[in-house]
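Q: The following file, entry.csv, comprises CSV, C-alpha atoms (C1' of nucleotides):
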chain,number,residue,atom,x,y,z
A,1,MET,CA,-7.9,9.4,-31.5
A,2,LYS,CA,-7.0,6.7,-29.1
A,3,THR,CA,-9.1,6.2,-26.1
A,4,LEU,CA,-7.1,4.9,-23.1
A,5,THR,CA,-8.9,2.2,-21.1
A,6,LEU,CA,-7.1,1.6,-17.9
A,7,THR,CA,-7.1,-2.0,-16.8
A,8,PRO,CA,-8.9,-2.1,-13.5
A,9,ILE,CA,-6.8,-3.0,-10.5
A,10,ASP,CA,-7.1,-6.6,-9.4
A,11,VAL,CA,-7.8,-6.0,-5.8
A,12,ALA,CA,-7.7,-9.7,-4.9
A,13,ALA,CA,-4.1,-9.9,-6.2
A,14,CYS,CA,-3.0,-7.1,-3.9
A,15,ALA,CA,-1.3,-8.3,-0.8
A,16,PRO,CA,-2.9,-11.7,-0.8
A,17,ALA,CA,-1.6,-12.3,2.7
A,18,GLY,CA,-2.3,-8.8,4.0
A,19,LEU,CA,0.7,-6.7,5.2
A,20,ALA,CA,1.9,-9.3,7.6
A,21,ALA,CA,4.3,-10.9,5.2
A,22,PRO,CA,6.8,-8.9,3.1
A,23,ILE,CA,5.0,-8.1,-0.2
A,24,GLY,CA,6.7,-7.7,-3.6
A,25,ARG,CA,7.0,-4.6,-5.7
A,26,PRO,CA,4.1,-5.2,-8.1
A,27,GLU,CA,1.6,-5.9,-5.3
A,28,ALA,CA,2.8,-2.9,-3.4
A,29,GLU,CA,2.4,-0.7,-6.5
A,30,GLN,CA,-1.1,-1.9,-7.1
A,31,LEU,CA,-2.1,-1.3,-3.5
A,32,ALA,CA,-0.5,2.1,-3.5
A,33,ALA,CA,-2.3,3.0,-6.7
A,34,LEU,CA,-5.6,2.0,-5.2
A,35,LEU,CA,-4.9,4.1,-2.0
A,36,LYS,CA,-3.6,7.0,-4.0
A,37,ALA,CA,-7.0,7.2,-5.7
A,38,ILE,CA,-8.6,7.8,-2.2
A,39,ALA,CA,-5.8,9.9,-0.7
A,40,ASP,CA,-7.1,13.2,-1.9
A,41,PRO,CA,-9.4,15.5,0.2
A,42,THR,CA,-11.6,16.4,-2.8
A,43,ARG,CA,-12.1,12.8,-3.8
A,44,ILE,CA,-12.9,11.8,-0.2
A,45,GLN,CA,-15.5,14.5,-0.1
A,46,LEU,CA,-16.9,13.3,-3.4
A,47,ILE,CA,-17.3,9.8,-2.1
A,48,SER,CA,-19.0,11.0,1.1
A,49,TYR,CA,-21.3,13.4,-0.9
A,50,ILE,CA,-22.4,10.6,-3.3
A,51,ASN,CA,-23.1,8.3,-0.4
A,52,ALA,CA,-25.1,10.9,1.4
A,53,SER,CA,-27.2,11.7,-1.6
A,54,ASN,CA,-30.7,10.4,-2.4
A,55,ASN,CA,-30.5,6.7,-3.4
A,56,ALA,CA,-26.7,7.0,-2.6
A,57,GLU,CA,-26.1,8.3,-6.1
A,58,ALA,CA,-25.3,11.7,-7.6
A,59,CYS,CA,-24.6,13.3,-11.0
A,60,VAL,CA,-21.8,15.7,-11.7
A,61,CYS,CA,-24.0,18.8,-11.6
A,62,ASN,CA,-24.9,18.0,-8.0
A,63,LEU,CA,-21.3,17.9,-6.9
A,64,THR,CA,-19.7,21.0,-8.4
A,65,GLU,CA,-21.5,23.5,-6.2
A,66,PRO,CA,-21.0,22.1,-2.7
A,67,LEU,CA,-17.3,21.6,-3.4
A,68,SER,CA,-16.9,24.9,-5.2
A,69,LEU,CA,-15.1,23.3,-8.1
A,70,THR,CA,-15.5,23.5,-11.8
A,71,GLN,CA,-17.3,20.8,-13.7
A,72,PRO,CA,-14.1,19.5,-15.5
A,73,THR,CA,-12.3,19.2,-12.2
A,74,VAL,CA,-15.1,17.1,-10.7
A,75,SER,CA,-15.2,15.0,-13.8
A,76,HIS,CA,-11.5,14.4,-13.5
A,77,HIS,CA,-11.7,13.2,-9.9
A,78,LEU,CA,-14.7,11.0,-10.7
A,79,LYS,CA,-12.7,9.4,-13.5
A,80,VAL,CA,-9.8,8.7,-11.1
A,81,LEU,CA,-12.2,7.1,-8.7
A,82,ALA,CA,-13.9,5.1,-11.5
A,83,ASP,CA,-10.7,3.9,-13.0
A,84,ALA,CA,-9.8,2.5,-9.5
A,85,GLY,CA,-13.1,0.8,-9.4
A,86,LEU,CA,-14.2,2.8,-6.3
A,87,ILE,CA,-17.3,4.3,-8.0
A,88,GLU,CA,-19.5,3.2,-10.9
A,89,ARG,CA,-20.9,5.2,-13.8
A,90,GLU,CA,-24.4,4.9,-15.2
A,91,LYS,CA,-25.7,7.1,-17.9
A,92,ARG,CA,-29.4,7.8,-17.8
A,93,GLY,CA,-30.4,10.3,-20.5
A,94,THR,CA,-28.2,13.4,-20.3
A,95,TRP,CA,-27.3,12.8,-16.7
A,96,VAL,CA,-24.5,10.5,-15.5
A,97,TRP,CA,-25.1,9.0,-12.1
A,98,TYR,CA,-22.3,7.8,-9.9
A,99,THR,CA,-22.6,5.4,-7.1
A,100,VAL,CA,-20.0,4.1,-4.6
A,101,ASN,CA,-18.8,0.5,-5.1
A,102,GLN,CA,-19.4,-0.6,-1.6
A,103,GLU,CA,-18.0,-4.1,-2.1
A,104,ARG,CA,-14.7,-2.7,-3.4
A,105,TRP,CA,-14.6,-0.3,-0.5
A,106,GLN,CA,-14.8,-3.0,2.0
A,107,GLN,CA,-12.0,-4.9,0.3
A,108,ILE,CA,-9.6,-2.1,0.9
A,109,ALA,CA,-10.0,-2.4,4.7
A,110,LYS,CA,-9.1,-6.1,4.4
A,111,LEU,CA,-6.0,-5.3,2.4
A,112,LEU,CA,-4.7,-3.1,5.2
A,113,GLU,CA,-5.0,-5.9,7.7
A,114,ILE,CA,-1.8,-6.8,9.5
B,1,MET,CA,18.2,26.2,13.5
B,2,LYS,CA,14.6,25.6,13.9
B,3,THR,CA,13.4,22.0,14.3
B,4,LEU,CA,10.0,21.5,12.9
B,5,THR,CA,7.7,19.2,14.9
B,6,LEU,CA,4.7,18.2,13.0
B,7,THR,CA,1.5,17.9,15.1
B,8,PRO,CA,0.4,14.3,14.9
B,9,ILE,CA,-2.9,13.8,13.0
B,10,ASP,CA,-5.8,13.4,15.3
B,11,VAL,CA,-7.3,10.2,13.9
B,12,ALA,CA,-10.3,10.3,16.1
B,13,ALA,CA,-11.3,13.7,14.6
B,14,CYS,CA,-11.2,12.3,11.1
B,15,ALA,CA,-14.6,11.5,9.7
B,16,PRO,CA,-16.2,11.0,13.1
B,17,ALA,CA,-19.3,9.4,11.4
B,18,GLY,CA,-17.3,7.6,8.8
B,19,LEU,CA,-17.9,8.4,5.1
B,20,ALA,CA,-21.7,7.8,5.4
B,21,ALA,CA,-22.4,11.5,6.0
B,22,PRO,CA,-20.9,14.3,4.0
B,23,ILE,CA,-17.7,15.4,5.7
B,24,GLY,CA,-16.2,18.9,5.7
B,25,ARG,CA,-13.0,20.1,4.2
B,26,PRO,CA,-10.7,19.9,7.3
B,27,GLU,CA,-11.7,16.4,8.1
B,28,ALA,CA,-11.3,15.3,4.5
B,29,GLU,CA,-7.8,16.9,4.4
B,30,GLN,CA,-6.7,15.1,7.5
B,31,LEU,CA,-7.9,11.8,6.3
B,32,ALA,CA,-6.3,12.4,2.9
B,33,ALA,CA,-3.0,13.3,4.6
B,34,LEU,CA,-3.2,10.1,6.6
B,35,LEU,CA,-3.9,7.9,3.5
B,36,LYS,CA,-1.3,9.8,1.5
B,37,ALA,CA,1.3,8.6,3.9
B,38,ILE,CA,0.4,5.0,3.1
B,39,ALA,CA,-0.3,5.4,-0.6
B,40,ASP,CA,3.3,4.8,-1.8
B,41,PRO,CA,4.6,1.5,-2.9
B,42,THR,CA,7.9,1.9,-1.1
B,43,ARG,CA,6.3,2.8,2.2
B,44,ILE,CA,3.9,-0.1,1.9
B,45,GLN,CA,6.8,-2.4,1.4
B,46,LEU,CA,8.6,-0.8,4.4
B,47,ILE,CA,5.6,-1.4,6.6
B,48,SER,CA,5.4,-5.0,5.5
B,49,TYR,CA,9.1,-5.6,5.9
B,50,ILE,CA,9.1,-4.1,9.4
B,51,ASN,CA,6.2,-6.3,10.4
B,52,ALA,CA,7.8,-9.4,9.0
B,53,SER,CA,11.1,-8.8,10.8
B,54,ASN,CA,12.1,-10.4,14.1
B,55,ASN,CA,10.1,-9.0,17.0
B,56,ALA,CA,8.3,-7.0,14.3
B,57,GLU,CA,10.9,-4.3,14.4
B,58,ALA,CA,13.7,-3.2,12.0
B,59,CYS,CA,16.4,-0.6,11.8
B,60,VAL,CA,17.2,1.5,8.8
B,61,CYS,CA,20.2,-0.6,7.8
B,62,ASN,CA,18.0,-3.7,7.5
B,63,LEU,CA,15.7,-2.0,5.1
B,64,THR,CA,18.0,-0.4,2.5
B,65,GLU,CA,19.2,-3.5,0.9
B,66,PRO,CA,16.0,-5.5,0.3
B,67,LEU,CA,14.4,-2.4,-1.2
B,68,SER,CA,17.5,-1.3,-3.2
B,69,LEU,CA,17.2,2.2,-1.9
B,70,THR,CA,19.8,4.6,-0.4
B,71,GLN,CA,19.8,5.1,3.3
B,72,PRO,CA,18.6,8.8,3.1
B,73,THR,CA,15.6,7.7,1.0
B,74,VAL,CA,14.6,5.0,3.5
B,75,SER,CA,15.0,7.5,6.3
B,76,HIS,CA,12.8,10.0,4.4
B,77,HIS,CA,10.0,7.4,4.0
B,78,LEU,CA,10.2,6.3,7.6
B,79,LYS,CA,9.9,10.0,8.7
B,80,VAL,CA,6.7,10.3,6.6
B,81,LEU,CA,5.3,7.2,8.2
B,82,ALA,CA,6.3,8.3,11.7
B,83,ASP,CA,4.9,11.8,11.3
B,84,ALA,CA,1.6,10.2,10.4
B,85,GLY,CA,1.8,8.1,13.5
B,86,LEU,CA,1.9,4.9,11.5
B,87,ILE,CA,5.2,3.7,12.9
B,88,GLU,CA,7.2,4.4,16.0
B,89,ARG,CA,10.8,5.2,16.6
B,90,GLU,CA,13.0,3.9,19.4
B,91,LYS,CA,16.7,4.6,19.6
B,92,ARG,CA,18.8,1.9,21.3
B,93,GLY,CA,22.4,2.8,21.2
B,94,THR,CA,23.5,3.6,17.6
B,95,TRP,CA,20.6,1.8,16.0
B,96,VAL,CA,17.1,3.2,15.6
B,97,TRP,CA,14.3,0.6,15.7
B,98,TYR,CA,11.0,1.1,14.0
B,99,THR,CA,7.8,-0.7,14.8
B,100,VAL,CA,4.4,-0.5,13.3
B,101,ASN,CA,1.7,1.2,15.3
B,102,GLN,CA,-0.8,-1.6,15.1
B,103,GLU,CA,-3.6,0.4,16.9
B,104,ARG,CA,-3.3,3.3,14.6
B,105,TRP,CA,-3.4,0.9,11.6
B,106,GLN,CA,-6.6,-0.6,12.7
B,107,GLN,CA,-8.2,2.9,13.1
B,108,ILE,CA,-7.7,3.6,9.5
B,109,ALA,CA,-9.9,0.7,8.4
B,110,LYS,CA,-12.6,2.1,10.6
B,111,LEU,CA,-12.3,5.5,9.1
B,112,LEU,CA,-13.0,4.1,5.7
B,113,GLU,CA,-16.3,2.5,6.8
B,114,ILE,CA,-19.3,3.5,4.9
C,1,DA,C1',40.9,12.3,21.0
C,2,DA,C1',40.2,10.3,16.8
C,3,DA,C1',38.0,7.4,13.8
C,4,DT,C1',33.8,4.8,12.5
C,5,DC,C1',29.2,3.6,12.2
C,6,DG,C1',24.1,4.5,12.0
C,7,DC,C1',20.9,7.7,11.0
C,8,DA,C1',19.0,12.5,9.9
C,9,DT,C1',18.9,16.7,7.3
C,10,DA,C1',19.6,19.9,3.3
C,11,DG,C1',19.3,20.8,-1.3
C,12,DA,C1',18.6,19.6,-6.2
C,13,DC,C1',16.0,17.7,-9.9
C,14,DA,C1',12.7,15.0,-12.6
C,15,DA,C1',8.2,13.2,-12.5
C,16,DC,C1',3.6,13.4,-11.0
C,17,DT,C1',-0.8,15.9,-9.6
C,18,DG,C1',-4.8,19.1,-9.0
C,19,DT,C1',-6.8,22.8,-10.9
C,20,DC,C1',-8.1,25.8,-14.5
C,21,DT,C1',-9.8,27.4,-19.4
C,22,DA,C1',-11.2,25.9,-23.9
C,23,DT,C1',-13.3,22.7,-26.7
C,24,DG,C1',-15.6,18.4,-28.2
C,25,DT,C1',-19.5,15.0,-27.8
C,26,DT,C1',-23.9,13.2,-26.9
C,27,DT,C1',-28.7,13.6,-25.5
C,28,DG,C1',-33.1,15.9,-25.3
C,29,DC,C1',-36.2,19.5,-26.9
C,30,DT,C1',-38.5,22.8,-30.0
D,1,DA,C1',-32.3,20.9,-38.3
D,2,DG,C1',-30.9,23.6,-34.8
D,3,DC,C1',-30.1,24.7,-30.1
D,4,DA,C1',-29.1,24.0,-25.2
D,5,DA,C1',-27.7,21.2,-21.4
D,6,DA,C1',-24.7,17.7,-19.2
D,7,DC,C1',-20.6,15.6,-19.3
D,8,DA,C1',-15.8,14.3,-21.1
D,9,DT,C1',-11.4,15.4,-23.0
D,10,DA,C1',-7.2,18.2,-24.1
D,11,DG,C1',-3.7,21.2,-22.9
D,12,DA,C1',-1.4,24.4,-19.6
D,13,DC,C1',0.6,25.6,-15.3
D,14,DA,C1',1.8,25.8,-10.5
D,15,DG,C1',2.6,23.0,-6.6
D,16,DT,C1',3.9,18.5,-4.6
D,17,DT,C1',6.7,14.3,-4.3
D,18,DG,C1',10.3,10.5,-4.6
D,19,DT,C1',14.8,9.9,-5.3
D,20,DC,C1',19.5,11.1,-5.2
D,21,DT,C1',24.3,13.2,-3.5
D,22,DA,C1',26.5,15.7,0.1
D,23,DT,C1',26.8,16.7,4.7
D,24,DG,C1',25.9,17.0,9.8
D,25,DC,C1',25.2,14.8,14.3
D,26,DG,C1',25.4,11.5,18.1
D,27,DA,C1',27.0,7.1,19.9
D,28,DT,C1',30.6,3.5,20.1
D,29,DT,C1',35.2,1.8,19.9
D,30,DT,C1',40.1,2.1,19.8
Output the structure of this file as structure tokens.
A:
Amino acid sequence: MKTLTLTPIDVAACAPAGLAAPIGRPEAEQLAALLKAIADPTRIQLISYINASNNAEACVCNLTEPLSLTQPTVSHHLKVLADAGLIEREKRGTWVWYTVNQERWQQIAKLLEI
Amino acid sequence: MKTLTLTPIDVAACAPAGLAAPIGRPEAEQLAALLKAIADPTRIQLISYINASNNAEACVCNLTEPLSLTQPTVSHHLKVLADAGLIEREKRGTWVWYTVNQERWQQIAKLLEI
DNA sequence: AAATCGCATAGACAACTGTCTATGTTTGCT
DNA sequence: AGCAAACATAGACAGTTGTCTATGCGATTT
């Protein structure tokens, strides 16, 4: 079987001059892909729940119940966020702990500057 | 015929404490709807093109050619942005001029704070 | 009044997305 | 070794979305 590894989005390459100057298609598509990863109510809640947890980290089993979602659905959303570089995965034993990539998060605010 | 007027999203009500605390479903949905309006490459380009135009304003006919899109498609995207409060519409004669709502734009960066 | 121009709206269609169930994979324990 | 728990992956399906063509509406000009 072939495992697909998505190339992480190069945030620095997105809209190098912000949105003040007209940006090209490739840059617009990268920025849109990044924002699309956040533009979902479930994923926004996941981010906030992870951040509000002890040590600002959470495993999948801690996130299914408060959001009333099945485990595969939560895993799917976490994968989307991880592929966009917005959260990070760390396996410790059987559990997988997710944390928010704070640095990446702050970069987004800068990309939206006008 | 019935004209549908979308209620503008109350940005201030979105994630009042940022994403640091776990936010509820309604707030997450409002914030997601707002981000969804931006999370499209064409709309990102439209925003940047409007901002880079003379007086930071542009009419539809100025936007179709550089983006290689039909006029209805551009109008559609501008409506999405306008409904989200991200741009503003002003009719002067036959032309309709769009400008970016700078204040609204800056609010978004704050909403993403962690 | 008639024609034209700029823009919005309606409807159609392919592509994408969020959710689920079913199943696979890895780790820890007895 | 065998079993159970935590998570990922695959596939299916309904709902959403971006684009187009066709058409309608208001303002300007002749």
Q: Counting only C-alpha atoms (C1' of nucleotides), which residues from chain C have an atom at most 8 Å from any atom of chain A, and could you show them as a PyMOL selection string?
A: chain C and resi 19+26-28
Q: State, in Å with one decimal place, the distance from atom CA of B:Gln30 to atom CA of A:Arg43.
A: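 Atom CA of A:Arg43 lies 12.7 Å from atom CA of B:Gln30.
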Q: As number ranges by chain, could you give me every residue of chain A near chain B (at most 12 Å apart, counting only C-alpha atoms)?
A: A: 14-15, 17-54, 56, 63, 66-68, 100-114
Q: Write a file of the selected residues as a PDB file, in the coordinates of the input, keeping C-alpha atoms.
A:
ATOM      1  CA  CYS A  14      -3.000  -7.100  -3.900  1.00  0.00           C
ATOM      2  CA  ALA A  15      -1.300  -8.300  -0.800  1.00  0.00           C
ATOM      3  CA  ALA A  17      -1.600 -12.300   2.700  1.00  0.00           C
ATOM      4  CA  GLY A  18      -2.300  -8.800   4.000  1.00  0.00           C
ATOM      5  CA  LEU A  19       0.700  -6.700   5.200  1.00  0.00           C
ATOM      6  CA  ALA A  20       1.900  -9.300   7.600  1.00  0.00           C
ATOM      7  CA  ALA A  21       4.300 -10.900   5.200  1.00  0.00           C
ATOM      8  CA  PRO A  22       6.800  -8.900   3.100  1.00  0.00           C
ATOM      9  CA  ILE A  23       5.000  -8.100  -0.200  1.00  0.00           C
ATOM     10  CA  GLY A  24       6.700  -7.700  -3.600  1.00  0.00           C
ATOM     11  CA  ARG A  25       7.000  -4.600  -5.700  1.00  0.00           C
ATOM     12  CA  PRO A  26       4.100  -5.200  -8.100  1.00  0.00           C
ATOM     13  CA  GLU A  27       1.600  -5.900  -5.300  1.00  0.00           C
ATOM     14  CA  ALA A  28       2.800  -2.900  -3.400  1.00  0.00           C
ATOM     15  CA  GLU A  29       2.400  -0.700  -6.500  1.00  0.00           C
ATOM     16  CA  GLN A  30      -1.100  -1.900  -7.100  1.00  0.00           C
ATOM     17  CA  LEU A  31      -2.100  -1.300  -3.500  1.00  0.00           C
ATOM     18  CA  ALA A  32      -0.500   2.100  -3.500  1.00  0.00           C
ATOM     19  CA  ALA A  33      -2.300   3.000  -6.700  1.00  0.00           C
ATOM     20  CA  LEU A  34      -5.600   2.000  -5.200  1.00  0.00           C
ATOM     21  CA  LEU A  35      -4.900   4.100  -2.000  1.00  0.00           C
ATOM     22  CA  LYS A  36      -3.600   7.000  -4.000  1.00  0.00           C
ATOM     23  CA  ALA A  37      -7.000   7.200  -5.700  1.00  0.00           C
ATOM     24  CA  ILE A  38      -8.600   7.800  -2.200  1.00  0.00           C
ATOM     25  CA  ALA A  39      -5.800   9.900  -0.700  1.00  0.00           C
ATOM     26  CA  ASP A  40      -7.100  13.200  -1.900  1.00  0.00           C
ATOM     27  CA  PRO A  41      -9.400  15.500   0.200  1.00  0.00           C
ATOM     28  CA  THR A  42     -11.600  16.400  -2.800  1.00  0.00           C
ATOM     29  CA  ARG A  43     -12.100  12.800  -3.800  1.00  0.00           C
ATOM     30  CA  ILE A  44     -12.900  11.800  -0.200  1.00  0.00           C
ATOM     31  CA  GLN A  45     -15.500  14.500  -0.100  1.00  0.00           C
ATOM     32  CA  LEU A  46     -16.900  13.300  -3.400  1.00  0.00           C
ATOM     33  CA  ILE A  47     -17.300   9.800  -2.100  1.00  0.00           C
ATOM     34  CA  SER A  48     -19.000  11.000   1.100  1.00  0.00           C
ATOM     35  CA  TYR A  49     -21.300  13.400  -0.900  1.00  0.00           C
ATOM     36  CA  ILE A  50     -22.400  10.600  -3.300  1.00  0.00           C
ATOM     37  CA  ASN A  51     -23.100   8.300  -0.400  1.00  0.00           C
ATOM     38  CA  ALA A  52     -25.100  10.900   1.400  1.00  0.00           C
ATOM     39  CA  SER A  53     -27.200  11.700  -1.600  1.00  0.00           C
ATOM     40  CA  ASN A  54     -30.700  10.400  -2.400  1.00  0.00           C
ATOM     41  CA  ALA A  56     -26.700   7.000  -2.600  1.00  0.00           C
ATOM     42  CA  LEU A  63     -21.300  17.900  -6.900  1.00  0.00           C
ATOM     43  CA  PRO A  66     -21.000  22.100  -2.700  1.00  0.00           C
ATOM     44  CA  LEU A  67     -17.300  21.600  -3.400  1.00  0.00           C
ATOM     45  CA  SER A  68     -16.900  24.900  -5.200  1.00  0.00           C
ATOM     46  CA  VAL A 100     -20.000   4.100  -4.600  1.00  0.00           C
ATOM     47  CA  ASN A 101     -18.800   0.500  -5.100  1.00  0.00           C
ATOM     48  CA  GLN A 102     -19.400  -0.600  -1.600  1.00  0.00           C
ATOM     49  CA  GLU A 103     -18.000  -4.100  -2.100  1.00  0.00           C
ATOM     50  CA  ARG A 104     -14.700  -2.700  -3.400  1.00  0.00           C
ATOM     51  CA  TRP A 105     -14.600  -0.300  -0.500  1.00  0.00           C
ATOM     52  CA  GLN A 106     -14.800  -3.000   2.000  1.00  0.00           C
ATOM     53  CA  GLN A 107     -12.000  -4.900   0.300  1.00  0.00           C
ATOM     54  CA  ILE A 108      -9.600  -2.100   0.900  1.00  0.00           C
ATOM     55  CA  ALA A 109     -10.000  -2.400   4.700  1.00  0.00           C
ATOM     56  CA  LYS A 110      -9.100  -6.100   4.400  1.00  0.00           C
ATOM     57  CA  LEU A 111      -6.000  -5.300   2.400  1.00  0.00           C
ATOM     58  CA  LEU A 112      -4.700  -3.100   5.200  1.00  0.00           C
ATOM     59  CA  GLU A 113      -5.000  -5.900   7.700  1.00  0.00           C
ATOM     60  CA  ILE A 114      -1.800  -6.800   9.500  1.00  0.00           C
TER      61      ILE A 114
END
Q: Quick one: chain A onto chain B, least squares on all Cα paired in order, result as a JSON list (two decimals) with C-alpha atoms, in the coordinates of the input?
A:
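Printed below is out.json as written:
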[["chain", "number", "residue", "atom", "x", "y", "z"],
["A", 1, "MET", "CA", 18.18, 26.05, 13.15],
["A", 2, "LYS", "CA", 14.54, 25.39, 13.60],
["A", 3, "THR", "CA", 13.40, 21.89, 13.98],
["A", 4, "LEU", "CA", 9.88, 21.33, 12.56],
["A", 5, "THR", "CA", 7.68, 19.10, 14.73],
["A", 6, "LEU", "CA", 4.62, 18.15, 12.85],
["A", 7, "THR", "CA", 1.52, 17.93, 14.98],
["A", 8, "PRO", "CA", 0.34, 14.37, 14.78],
["A", 9, "ILE", "CA", -2.94, 13.81, 13.02],
["A", 10, "ASP", "CA", -5.90, 13.39, 15.32],
["A", 11, "VAL", "CA", -7.27, 10.25, 13.87],
["A", 12, "ALA", "CA", -10.36, 10.26, 16.09],
["A", 13, "ALA", "CA", -11.35, 13.68, 14.67],
["A", 14, "CYS", "CA", -11.26, 12.36, 11.13],
["A", 15, "ALA", "CA", -14.63, 11.50, 9.77],
["A", 16, "PRO", "CA", -16.24, 10.94, 13.12],
["A", 17, "ALA", "CA", -19.25, 9.43, 11.41],
["A", 18, "GLY", "CA", -17.30, 7.48, 8.80],
["A", 19, "LEU", "CA", -17.90, 8.34, 5.09],
["A", 20, "ALA", "CA", -21.60, 7.87, 5.30],
["A", 21, "ALA", "CA", -22.37, 11.47, 6.01],
["A", 22, "PRO", "CA", -20.90, 14.36, 3.97],
["A", 23, "ILE", "CA", -17.64, 15.35, 5.75],
["A", 24, "GLY", "CA", -16.16, 18.87, 5.83],
["A", 25, "ARG", "CA", -12.96, 20.08, 4.28],
["A", 26, "PRO", "CA", -10.69, 19.90, 7.34],
["A", 27, "GLU", "CA", -11.67, 16.31, 8.17],
["A", 28, "ALA", "CA", -11.26, 15.30, 4.58],
["A", 29, "GLU", "CA", -7.78, 16.89, 4.47],
["A", 30, "GLN", "CA", -6.70, 15.11, 7.59],
["A", 31, "LEU", "CA", -7.93, 11.77, 6.31],
["A", 32, "ALA", "CA", -6.32, 12.33, 2.96],
["A", 33, "ALA", "CA", -3.05, 13.23, 4.63],
["A", 34, "LEU", "CA", -3.13, 10.07, 6.66],
["A", 35, "LEU", "CA", -3.86, 7.93, 3.48],
["A", 36, "LYS", "CA", -1.30, 9.79, 1.46],
["A", 37, "ALA", "CA", 1.34, 8.64, 3.96],
["A", 38, "ILE", "CA", 0.43, 4.96, 3.06],
["A", 39, "ALA", "CA", -0.25, 5.48, -0.65],
["A", 40, "ASP", "CA", 3.28, 4.92, -1.77],
["A", 41, "PRO", "CA", 4.66, 1.49, -2.92],
["A", 42, "THR", "CA", 7.99, 1.98, -1.10],
["A", 43, "ARG", "CA", 6.33, 2.92, 2.16],
["A", 44, "ILE", "CA", 3.92, -0.04, 1.90],
["A", 45, "GLN", "CA", 6.86, -2.31, 1.44],
["A", 46, "LEU", "CA", 8.58, -0.73, 4.42],
["A", 47, "ILE", "CA", 5.61, -1.38, 6.63],
["A", 48, "SER", "CA", 5.34, -5.01, 5.48],
["A", 49, "TYR", "CA", 9.16, -5.54, 5.89],
["A", 50, "ILE", "CA", 9.12, -4.14, 9.48],
["A", 51, "ASN", "CA", 6.18, -6.32, 10.37],
["A", 52, "ALA", "CA", 7.81, -9.38, 8.96],
["A", 53, "SER", "CA", 11.03, -8.80, 10.79],
["A", 54, "ASN", "CA", 12.16, -10.42, 14.06],
["A", 55, "ASN", "CA", 10.12, -8.99, 16.98],
["A", 56, "ALA", "CA", 8.17, -7.01, 14.25],
["A", 57, "GLU", "CA", 10.82, -4.31, 14.37],
["A", 58, "ALA", "CA", 13.66, -3.23, 12.08],
["A", 59, "CYS", "CA", 16.41, -0.58, 11.88],
["A", 60, "VAL", "CA", 17.20, 1.45, 8.83],
["A", 61, "CYS", "CA", 20.24, -0.61, 7.85],
["A", 62, "ASN", "CA", 18.01, -3.67, 7.51],
["A", 63, "LEU", "CA", 15.70, -1.97, 5.07],
["A", 64, "THR", "CA", 17.98, -0.30, 2.53],
["A", 65, "GLU", "CA", 19.21, -3.49, 0.91],
["A", 66, "PRO", "CA", 16.01, -5.42, 0.23],
["A", 67, "LEU", "CA", 14.43, -2.31, -1.27],
["A", 68, "SER", "CA", 17.54, -1.28, -3.14],
["A", 69, "LEU", "CA", 17.33, 2.27, -1.89],
["A", 70, "THR", "CA", 19.79, 4.60, -0.33],
["A", 71, "GLN", "CA", 19.84, 5.15, 3.39],
["A", 72, "PRO", "CA", 18.57, 8.82, 3.18],
["A", 73, "THR", "CA", 15.66, 7.75, 1.04],
["A", 74, "VAL", "CA", 14.60, 5.10, 3.56],
["A", 75, "SER", "CA", 15.00, 7.57, 6.35],
["A", 76, "HIS", "CA", 12.77, 9.98, 4.52],
["A", 77, "HIS", "CA", 9.96, 7.47, 4.06],
["A", 78, "LEU", "CA", 10.25, 6.34, 7.68],
["A", 79, "LYS", "CA", 9.89, 9.95, 8.78],
["A", 80, "VAL", "CA", 6.73, 10.34, 6.65],
["A", 81, "LEU", "CA", 5.32, 7.24, 8.22],
["A", 82, "ALA", "CA", 6.33, 8.39, 11.74],
["A", 83, "ASP", "CA", 4.95, 11.83, 11.35],
["A", 84, "ALA", "CA", 1.57, 10.18, 10.43],
["A", 85, "GLY", "CA", 1.82, 8.12, 13.51],
["A", 86, "LEU", "CA", 1.88, 4.84, 11.49],
["A", 87, "ILE", "CA", 5.27, 3.69, 12.89],
["A", 88, "GLU", "CA", 7.18, 4.43, 16.10],
["A", 89, "ARG", "CA", 10.85, 5.22, 16.63],
["A", 90, "GLU", "CA", 13.01, 3.87, 19.42],
["A", 91, "LYS", "CA", 16.65, 4.56, 19.68],
["A", 92, "ARG", "CA", 18.72, 1.84, 21.28],
["A", 93, "GLY", "CA", 22.44, 2.69, 21.14],
["A", 94, "THR", "CA", 23.46, 3.56, 17.58],
["A", 95, "TRP", "CA", 20.57, 1.71, 16.06],
["A", 96, "VAL", "CA", 17.05, 3.13, 15.61],
["A", 97, "TRP", "CA", 14.33, 0.54, 15.67],
["A", 98, "TYR", "CA", 10.99, 1.07, 14.04],
["A", 99, "THR", "CA", 7.86, -0.75, 14.81],
["A", 100, "VAL", "CA", 4.37, -0.54, 13.24],
["A", 101, "ASN", "CA", 1.66, 1.20, 15.31],
["A", 102, "GLN", "CA", -0.85, -1.53, 15.06],
["A", 103, "GLU", "CA", -3.57, 0.34, 16.94],
["A", 104, "ARG", "CA", -3.33, 3.30, 14.55],
["A", 105, "TRP", "CA", -3.42, 0.93, 11.63],
["A", 106, "GLN", "CA", -6.62, -0.56, 12.68],
["A", 107, "GLN", "CA", -8.18, 2.86, 13.09],
["A", 108, "ILE", "CA", -7.68, 3.63, 9.47],
["A", 109, "ALA", "CA", -9.91, 0.70, 8.41],
["A", 110, "LYS", "CA", -12.66, 2.11, 10.64],
["A", 111, "LEU", "CA", -12.34, 5.53, 9.08],
["A", 112, "LEU", "CA", -13.04, 4.08, 5.64],
["A", 113, "GLU", "CA", -16.26, 2.54, 6.82],
["A", 114, "ILE", "CA", -19.34, 3.59, 4.90]]
Q: By how many Å are atom CA of A:Val80 and atom C1' of C:DT17 apart?
A: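 Answer for the atom CA of A:Val80 to atom C1' of C:DT17 separation: 11.6 Å.
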